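Shown below: target-v6.cif, with mmCIF, C-alpha atoms.
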data_input
loop_
_atom_site.group_PDB
_atom_site.id
_atom_site.type_symbol
_atom_site.label_atom_id
_atom_site.label_comp_id
_atom_site.auth_asym_id
_atom_site.auth_seq_id
_atom_site.Cartn_x
_atom_site.Cartn_y
_atom_site.Cartn_z
ATOM 1 C CA MET A 1 29.420 79.559 40.115
ATOM 2 C CA GLY A 2 32.159 82.082 40.591
ATOM 3 C CA GLU A 3 34.554 83.441 38.034
ATOM 4 C CA GLY A 4 37.033 80.770 36.917
ATOM 5 C CA ASP A 5 34.660 77.947 37.837
ATOM 6 C CA HIS A 6 33.822 75.576 35.009
ATOM 7 C CA PRO A 7 31.077 72.978 35.018
ATOM 8 C CA SER A 8 32.280 69.409 35.168
ATOM 9 C CA PRO A 9 31.553 67.040 32.306
ATOM 10 C CA VAL A 10 29.206 64.175 33.088
ATOM 11 C CA SER A 11 27.966 61.405 30.855
ATOM 12 C CA ILE A 12 24.231 61.375 30.233
ATOM 13 C CA GLY A 13 22.975 58.781 27.805
ATOM 14 C CA GLY A 14 26.470 58.266 26.403
ATOM 15 C CA GLU A 15 26.827 61.954 25.533
ATOM 16 C CA MET A 16 29.031 64.357 27.479
ATOM 17 C CA ARG A 17 27.088 67.119 29.212
ATOM 18 C CA ARG A 18 28.165 69.831 31.619
ATOM 19 C CA GLU A 19 26.499 70.584 34.911
ATOM 20 C CA ASP A 20 27.044 72.992 37.757
ATOM 21 C CA ALA A 21 27.405 70.436 40.579
ATOM 22 C CA GLY A 22 30.970 69.483 41.438
ATOM 23 C CA SER A 23 32.578 72.084 39.205
ATOM 24 C CA VAL A 24 36.244 71.911 38.329
ATOM 25 C CA ARG A 25 38.064 74.885 39.814
ATOM 26 C CA GLY A 26 40.539 76.805 37.717
ATOM 27 C CA GLY A 27 40.151 74.641 34.599
ATOM 28 C CA SER A 28 39.940 76.125 31.149
ATOM 29 C CA MET A 29 39.565 73.060 28.953
ATOM 30 C CA ASP A 30 37.407 73.672 25.894
ATOM 31 C CA TYR A 31 35.350 70.546 25.187
ATOM 32 C CA SER A 32 34.273 71.629 21.694
ATOM 33 C CA THR A 33 37.133 69.658 20.119
ATOM 34 C CA ALA A 34 36.074 66.547 22.029
ATOM 35 C CA HIS A 35 32.522 66.996 20.744
ATOM 36 C CA ARG A 36 33.847 67.348 17.184
ATOM 37 C CA LEU A 37 35.886 64.172 17.698
ATOM 38 C CA ALA A 38 32.754 62.370 18.941
ATOM 39 C CA GLN A 39 30.930 63.462 15.787
ATOM 40 C CA GLU A 40 33.859 62.336 13.616
ATOM 41 C CA ILE A 41 33.721 58.938 15.301
ATOM 42 C CA LYS A 42 29.972 58.697 14.644
ATOM 43 C CA ASN A 43 30.593 59.573 10.993
ATOM 44 C CA SER A 44 33.427 57.046 10.619
ATOM 45 C CA GLU A 45 33.117 53.915 8.511
ATOM 46 C CA GLU A 46 34.032 51.803 11.563
ATOM 47 C CA TYR A 47 31.179 53.243 13.629
ATOM 48 C CA GLN A 48 28.647 53.124 10.793
ATOM 49 C CA THR A 49 29.462 49.510 9.917
ATOM 50 C CA TYR A 50 29.370 48.368 13.555
ATOM 51 C CA HIS A 51 26.074 50.061 14.377
ATOM 52 C CA GLY A 52 24.542 49.028 11.066
ATOM 53 C CA LEU A 53 25.140 45.371 11.906
ATOM 54 C CA LYS A 54 24.551 45.586 15.674
ATOM 55 C CA GLU A 55 20.788 46.092 15.558
ATOM 56 C CA SER A 56 20.231 43.133 13.255
ATOM 57 C CA VAL A 57 22.646 40.753 14.978
ATOM 58 C CA MET A 58 21.692 41.628 18.552
ATOM 59 C CA GLY A 59 17.998 41.555 17.620
ATOM 60 C CA ASP A 60 18.162 37.767 17.590
ATOM 61 C CA GLU A 61 18.020 36.800 21.282
ATOM 62 C CA THR A 62 19.855 33.482 20.805
ATOM 63 C CA THR A 63 22.709 35.175 18.961
ATOM 64 C CA ALA A 64 22.782 38.026 21.498
ATOM 65 C CA ALA A 65 23.051 35.496 24.360
ATOM 66 C CA LEU A 66 25.887 33.684 22.573
ATOM 67 C CA ILE A 67 27.727 36.970 22.010
ATOM 68 C CA ARG A 68 27.348 37.903 25.694
ATOM 69 C CA GLU A 69 28.771 34.494 26.678
ATOM 70 C CA TYR A 70 31.562 34.858 24.078
ATOM 71 C CA ARG A 71 32.560 38.237 25.557
ATOM 72 C CA LYS A 72 32.398 36.922 29.137
ATOM 73 C CA LEU A 73 34.626 33.970 28.267
ATOM 74 C CA GLN A 74 36.971 36.211 26.281
ATOM 75 C CA ILE A 75 37.499 38.443 29.319
ATOM 76 C CA THR A 76 37.934 35.430 31.618
ATOM 77 C CA LEU A 77 40.606 33.962 29.329
ATOM 78 C CA GLN A 78 42.375 37.322 28.920
ATOM 79 C CA MET A 79 42.423 37.881 32.681
ATOM 80 C CA ALA A 80 43.909 34.429 33.221
ATOM 81 C CA MET A 81 46.597 35.149 30.631
ATOM 82 C CA MET A 82 47.431 38.563 32.150
ATOM 83 C CA SER A 83 47.695 37.080 35.645
ATOM 84 C CA GLY A 84 50.095 34.428 34.392
ATOM 85 C CA ARG A 85 47.892 31.493 35.258
ATOM 86 C CA ALA A 86 46.518 28.873 32.931
ATOM 87 C CA ALA A 87 42.919 29.292 31.866
ATOM 88 C CA GLU A 88 40.437 26.574 32.719
ATOM 89 C CA THR A 89 40.274 23.930 29.986
ATOM 90 C CA GLU A 90 36.473 24.012 30.101
ATOM 91 C CA ASP A 91 36.476 27.798 29.497
ATOM 92 C CA GLN A 92 38.884 27.399 26.584
ATOM 93 C CA GLN A 93 36.750 24.686 25.022
ATOM 94 C CA ARG A 94 33.515 26.657 25.477
ATOM 95 C CA PHE A 95 35.141 29.768 24.016
ATOM 96 C CA SER A 96 36.414 27.800 21.029
ATOM 97 C CA GLY A 97 33.005 26.227 20.404
ATOM 98 C CA ILE A 98 31.093 29.502 20.721
ATOM 99 C CA SER A 99 33.661 31.294 18.528
ATOM 100 C CA THR A 100 33.293 28.653 15.820
ATOM 101 C CA LEU A 101 29.517 28.903 15.978
ATOM 102 C CA LEU A 102 29.420 32.715 15.905
ATOM 103 C CA PHE A 103 32.026 33.148 13.174
ATOM 104 C CA SER A 104 30.283 30.547 10.990
ATOM 105 C CA LYS A 105 27.390 32.991 10.516
ATOM 106 C CA PRO A 106 28.485 35.644 7.957
ATOM 107 C CA GLU A 107 26.509 38.551 9.444
ATOM 108 C CA VAL A 108 27.656 37.757 13.006
ATOM 109 C CA SER A 109 31.239 37.368 11.810
ATOM 110 C CA GLN A 110 31.041 40.751 10.062
ATOM 111 C CA PHE A 111 29.576 42.309 13.217
ATOM 112 C CA LEU A 112 32.297 40.929 15.516
ATOM 113 C CA LEU A 113 35.049 42.007 13.114
ATOM 114 C CA ALA A 114 33.469 45.476 12.799
ATOM 115 C CA GLU A 115 33.363 45.681 16.588
ATOM 116 C CA MET A 116 37.068 44.802 16.784
ATOM 117 C CA ARG A 117 37.924 47.459 14.163
ATOM 118 C CA LEU A 118 35.933 50.112 16.055
ATOM 119 C CA GLN A 119 37.536 49.118 19.371
ATOM 120 C CA GLN A 120 40.994 49.334 17.783
ATOM 121 C CA ALA A 121 40.252 52.795 16.359
ATOM 122 C CA LEU A 122 39.018 53.972 19.780
ATOM 123 C CA ALA A 123 42.112 52.487 21.466
ATOM 124 C CA ASP A 124 44.316 54.341 18.973
ATOM 125 C CA ILE A 125 42.499 57.616 19.723
ATOM 126 C CA PHE A 126 42.803 57.003 23.471
ATOM 127 C CA ARG A 127 46.544 56.343 23.083
ATOM 128 C CA ILE A 128 47.032 59.549 21.053
ATOM 129 C CA VAL A 129 45.152 61.661 23.605
ATOM 130 C CA THR A 130 46.906 60.191 26.648
ATOM 131 C CA GLU A 131 50.299 60.584 24.991
ATOM 132 C CA ALA A 132 49.493 64.230 24.203
ATOM 133 C CA ALA A 133 48.550 64.743 27.861
ATOM 134 C CA GLY A 134 51.756 63.042 28.996
ATOM 135 C CA VAL A 135 49.787 60.418 30.883
ATOM 136 C CA GLU A 136 51.133 56.873 31.019
ATOM 137 C CA MET A 137 48.340 54.340 31.121
ATOM 138 C CA ASN A 138 50.341 51.122 30.695
ATOM 139 C CA LEU A 139 47.251 49.066 29.942
ATOM 140 C CA PRO A 140 47.534 45.588 28.423
ATOM 141 C CA GLY A 141 47.224 45.754 24.658
ATOM 142 C CA MET A 142 47.892 49.500 24.624
ATOM 143 C CA ASP A 143 51.594 49.244 23.883
ATOM 144 C CA GLY A 144 52.755 51.980 21.559
#
Same coordinates, now as structure tokens:
Amino acid sequence: MGEGDHPSPVSIGGEMRREDAGSVRGGSMDYSTAHRLAQEIKNSEEYQTYHGLKESVMGDETTAALIREYRKLQITLQMAMMSGRAAETEDQQRFSGISTLLFSKPEVSQFLLAEMRLQQALADIFRIVTEAAGVEMNLPGMDG
């Protein structure tokens, strides 16, 4: 690499790494703050609670399958809403039934709520960073 070349960040195993291939020319971004932020996230109550419950909840294959179906239906219903069309009645009924079943189990309910809290914290961080960069994302649910 020549002077002024900086390795590009790539994700390896969920952790940001730098490598020589495809370097970013002329950049001078210091990623140490991003790494500190990643560590702060890992040390946060939201992260700790979520990951503490995840292993136990997702360790039960039946519950894990129900959660995967819950998430799939949730996305399907959200996409229908965002496109302005009515969601399929069958999807709504299945989502309602699976939601009732999952949230009736205290540990699963705690896990799903912890997941929502972590996702909200990450969305807030994403919003702060994109606003600082002057980038408009205009994503659904990301209204300031």
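The interatomic distance for the pair CA of Glu61 in chain A and CA of Arg94 in chain A works out to 19.0 Å.
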Would you list the contacts of Thr63 in chain A as a PyMOL selection string, taking every protein, DNA or RNA residue within 8 Å and counting all atoms listed in the file, but skipping same-chain residues closer than 5 positions in sequence? chain A and resi 57-58+102
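CA of Glu88 in chain A sits 19.1 Å away from CA of Leu66 in chain A.
Taking CA of Glu90 in chain A and CA of Leu113 in chain A as the two end points, the separation is 24.8 Å.
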On this file, the PyMOL selection byres ((chain A and resi 49) around 9) gives some set of residues; write that set as a PDB file with C-alpha atoms, in the frame of the given file.
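Result saved to selection-v7.pdb:
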ATOM      1  CA  SER A  44      33.427  57.046  10.619  1.00  0.00           C
ATOM      2  CA  GLU A  45      33.117  53.915   8.511  1.00  0.00           C
ATOM      3  CA  GLU A  46      34.032  51.803  11.563  1.00  0.00           C
ATOM      4  CA  TYR A  47      31.179  53.243  13.629  1.00  0.00           C
ATOM      5  CA  GLN A  48      28.647  53.124  10.793  1.00  0.00           C
ATOM      6  CA  TYR A  50      29.370  48.368  13.555  1.00  0.00           C
ATOM      7  CA  HIS A  51      26.074  50.061  14.377  1.00  0.00           C
ATOM      8  CA  GLY A  52      24.542  49.028  11.066  1.00  0.00           C
ATOM      9  CA  LEU A  53      25.140  45.371  11.906  1.00  0.00           C
ATOM     10  CA  LYS A  54      24.551  45.586  15.674  1.00  0.00           C
ATOM     11  CA  GLN A 110      31.041  40.751  10.062  1.00  0.00           C
ATOM     12  CA  PHE A 111      29.576  42.309  13.217  1.00  0.00           C
ATOM     13  CA  ALA A 114      33.469  45.476  12.799  1.00  0.00           C
ATOM     14  CA  GLU A 115      33.363  45.681  16.588  1.00  0.00           C
ATOM     15  CA  LEU A 118      35.933  50.112  16.055  1.00  0.00           C
TER      16      LEU A 118
END
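Counting all atoms listed in the file and comparing A:Ala38, A:Thr76, A:Ser28, A:Gln93, the residue that lies closest to Ile125 in chain A is A:Ala38.
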Top pick for closest residue to Ile67 in chain A, considering A:Val129, A:Val135, A:Ala123, A:Leu112 and counting all atoms listed in the file: A:Leu112
Give me the box for range 42-52 of chain A as AutoDock Vina command-line options, namely the centre and edge lengths in Å to one decimal of a box along x, y and z that holds every listed atom plus 6 Å on each side.
--center_x 29.3 --center_y 54.0 --center_z 11.6 --size_x 21.5 --size_y 23.2 --size_z 18.1
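Here the PyMOL selection byres ((chain A and resi 73) around 12) matches the residues Leu66, Ile67, Arg68, Glu69, Tyr70, Arg71, Lys72, Gln74, Ile75, Thr76, Leu77, Gln78, Met79, Ala80, Ala87, Glu88, Thr89, Glu90, Asp91, Gln92, Gln93, Arg94, Phe95, Ser96, Gly97, Ile98 and Ser99 of chain A.
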Shortest contact to Glu40 in chain A, candidates A:Ala133, A:Ala121, A:Ala64, A:Ile128, atoms counted only C-alpha atoms, goes to A:Ala121
